[in-house]
Each structure stands twice: as structure tokens, then as C-alpha cells.
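S.K.: Here it is, the structure, as C-alpha cells.
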Amino acid sequence: MRPIRPKLAAVTFAAVLALTATACGEGENSAGDKPNLPTSLPNDGKITIPDDIKDRLKEHGVDLDKWRDGEWKNWDRDAWLREAKDYINPIIEGLWDPDRMRDAEKPEQPSDNDISGDQGVTDPTPARVQARPVQAPYRSTAPAAGKVFFDGPKGSMVCSATVVKDPKNPGKSNLVWTAGHCVHAGKNGGWYRNIAFVPSYNDRARPSAQLEAAPKEEVAPHGVWWGDWAQTSDRWIGEGATTGGRGAPYDFAVIHVTPEKGGTGKSLEETVGSALPVDFAAPAAPKIADLTATGYPAGPPFDGQRMFQCADKPGRLSVKAEQPTMYRIGCTMTAGSSGGGWVARGADGAPALVSNTSIGPASAGWLAGPRLGPEAKGIYEAVSGKFAGR
């Protein structure tokens, strides 16, 4: 079993840190390490760094002149930024232009690793459900869905995500729900860089051949929203891995976003016209009639440019007997769909997010997502509370 991995691009972008927090950050403390910094700067090389961020960089012994000269180039394990105080994500305007977004779709080679699923409560492997394309325009048919773009050690990558409601800012949410492995590399790594969210990416569902000439208003109809804060679970940070399903029951994250160019003064929810509630007390799998997973699959036979969905009655998957049992559905979506929202109807008949895409087999016949409980709720409420009233 493997995470539905973020997709790898052939191009390399200016790398920058993202200003984010984890829910305490288990694992190594990188307080004594020098932060990973951009190896190059876009366009004319100008970037505005807020004074408070400059001070924090200086605490790490960073020479900003050397940074600008491209001295900081390595993503070695010791240099990963793991904890809240180390996560810095200044906006680089224009970094995620249409060409870079499109190029961030080329997939990694799929992992051959899988797990038997014979521990705990695990139902029979579900029948394959063919992913169906979402009808365009996406801002009308799936307005809360979009793509997450970010930089990792091997290049630029993508995931999927969902706009969710903010209890401390009703009607004005800037919160995005995705997978933990879309913001943090887990046990053997740290926070990714240049995290940004594009709602309704490729709004008109243009094929790749046409998307190259499409205006930015079609590629990013609501603009680019940068992550200025994020949290994932301690368990994902402490034990998450790219193979074997390790940490998968805790593979979720919340990102708080802000518009790249200052925006119109409207929140993300007001801009896209939608945000889903999150259900942290969703029924066990046997009591759910239907789940719909949404995402931008990028591994073959998909190309990452268009949105797809799978609907199925969920079963159960146990990665470890002592950990929460995950939801599992039949679905042919591949890498790139990670983090995409799983939606079910609650007791009141209204749709709510109950999970997100986390893992699946190399054969791409099914997907599994964590059942959201107290830890997920704590992360969600912490990010909401941090930005209460703003």
C-alpha cells in the first residue's frame, strides 16, 4: 500500500519555505539547523521578506546575501524544517504561473509496496469503480475542490484539496483540507515549500493540448491562494511514510490561505461561493450508503489536468489493529488525487467532508482515507482559532 503520491515535475522552481504550524511536531527538532532556502529567485530576483521572518532566519545563522547568491541548495534530511517555528512561506508572486502549474503533473514511478490488510477490521477488496470526469465549469459543479501545488526535494508536485468551513469565521473561511503528506514529508522529512491552492483549477476542463494556450483566468479562475499556516497530525509527522501505509490513519492536514495579490477583500469561501462542513463524528463505514471522492489524478492514464470523481459504498481497511480503521472505496483515480475530499450526506441530508484520499495500491483499483476523529478535530479547531475574526 502506498500513499497516493504528490506528482513530480521535470522542472525545478525557486524554493521557499512556508509559514505553517504542526500540532506540536514530533520527531527531530531542527532548531539548530539552517533553514532550507530558495536556490534562485524568480524574474528580477526581488523578494520582499517581512522583518519578523528576517529575524527568525537570522536566528538560524542565515546570511541572506548568500541565500540570494544560491548557496542554499540541499534538501538533506538534517535540514528539513519540521516544527512550527521553522515553517516560513513568503508569497512569491507569479511563481505558480499556468506553465508551472501544468508542468507540475508528471508522476513519479508508482511504488510496488502494498500491505495485506489482514490486521484489525478489513472488508474484502472493493470492486473497481471507474473514475468519471466532473462536468465543467468546475466552479459551478464542484466549487469547493481544487489543487495544491508545492515544492519538494525532487521538484514541484501536486495534490488535491477542498475548501472547508471555518467555525470562527462563519461564511468567510480561508481554510483548505488536504492530506498530511501534501504538506509534510513525515518521519524522514519535514515541511514542503511554496504551498499554494488553486480552486477550480482548469475550470473548463481543457485537455492538455489546449491548456497550454488557455488564459490564466481559465487555469486559475479564482486566483492563486498561498498557505500562510498549516497543521498536520503529530502521528503523521512522527511515523508517516511513503510506503506500507505507515501513518495513513492520521494523514490529514488543514491549510489557512491568503490570496497571492491581496485579492478583493473577500475570503476564499466568499470568492468560490462554497465551503463544506467537516464531520468528525461520521458513521462507521457500514452505516454510510455512499461516499464521493474528488481529485485531480495525474498518474497514468490520467494527466492531472482535469477533475474526476468516484462514488461507492465504503468498506473498512485496517492498517494496524491498534489504529483507527480507514474508509475504503473502489476507485481508479491515481497519484495526484491525494488530499481530495471524501463527501457523504449527514443525518440532515446535507453533504459534509468525512475523509480525504490518502493511500491506494499500485494497481489503482481502490483508495483509502482516514476516518476523522478527535485529533483531526483538534487540528481543525486550532487553525480556525488562530485566525478567529480575521
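Order determines the names: the first chain of the C-alpha cells is A, the second B, and so forth; residues in each chain are numbered 1 upward, and ligands are numbered 1 upward as they are shown.
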When DSSP works through the backbone of this structure, what residues of segment 269-347 of chain A end up as helix (DSSP H, G or I), shown as number ranges by chain?
M.R.: A: 269-272, 285-287
S.K.: Please provide as a list in words all residues within 6 Å of segment 261-271 of chain A, with the sequence filter that same-chain residues fewer than 5 positions apart are discarded (counting only C-alpha atoms).
M.R.: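 Near segment 261-271 of chain A, the qualifying residues are Lys172, Ser173 and Asn174 of chain A.
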S.K.: Just list as a PyMOL selection string whatever in segment 137-301 of chain A DSSP marks as strand (DSSP E or B).
M.R.: chain A and resi 145-152+155-164+175-178+184+191+193-199+225-232+253-259+276+278+291-295
S.K.: I need the residue nearest Pro259 of chain A from this list: A:Gly155, A:Gly378, A:Pro90, A:Gly189. Use only C-alpha atoms for the distance.
M.R.: A:Pro90
S.K.: Which residues are close to Lys168 of chain A, i.e. within 8 Å by only C-alpha atoms, leaving aside same-chain residues fewer than 4 positions away? Reply as a PDB file with C-alpha atoms, in the first residue's frame.
M.R.:
```pdb
ATOM      1  CA  SER A 384      -9.618  28.128  12.989  1.00  0.00           C
ATOM      2  CA  GLY A 385      -8.915  29.639  16.398  1.00  0.00           C
ATOM      3  CA  PHE A 387      -7.318  33.204  12.700  1.00  0.00           C
ATOM      4  CA  ALA A 388     -10.516  33.982  14.615  1.00  0.00           C
ATOM      5  CA  GLY A 389     -12.033  37.233  13.452  1.00  0.00           C
TER       6      GLY A 389
END
```
S.K.: From the list A:Trp342, A:Tyr250, A:Trp226, A:Tyr192, which residue is nearest Lys320 of chain A when using only C-alpha atoms?
M.R.: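 The closest residue to Lys320 of chain A is A:Tyr250.
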S.K.: Give me, as number ranges by chain, all polymer residues having an atom no more than 8 Å from Pro98 of chain A, counting only C-alpha atoms and skipping those fewer than 4 positions away in the same chain.
M.R.: A: 102, 212, 216, 219-220
S.K.: Can you pull out every residue within 10 Å of Cys182 of chain A, counting only C-alpha atoms, but drop anything in the same chain fewer than 5 positions away, and send it as number ranges by chain?
M.R.: A: 4-6, 148-150, 152, 157-161, 191-192, 195, 232, 251-253, 336, 338-339, 358
S.K.: Which residue gives the smallest distance to Met333 of chain A among A:Ser156, A:Asn194, A:Gln135, A:Gln130, with only C-alpha atoms counted?
M.R.: A:Gln130
S.K.: For Ala352 of chain A, which residue among A:Lys165, A:His256, A:Arg328, A:His222 is the nearest when counting only C-alpha atoms?
M.R.: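 Closest to Ala352 of chain A, using only C-alpha atoms: A:Lys165.
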S.K.: Identify, on the basis of only C-alpha atoms, every residue whose closest approach to Ala364 of chain A does not exceed 7 Å; exclude the query and any residue fewer than 4 positions from it along the same chain; express the result as number ranges by chain.
M.R.: A: 332-334, 360
S.K.: Could you check the closest approach to Phe308 of chain A for each of A:Cys331, A:Val257, A:Leu276, A:Ala230 and tell me which residue wins, using only C-alpha atoms?
M.R.: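 Checking each candidate against Phe308 of chain A, we get A:Cys331 as the closest.
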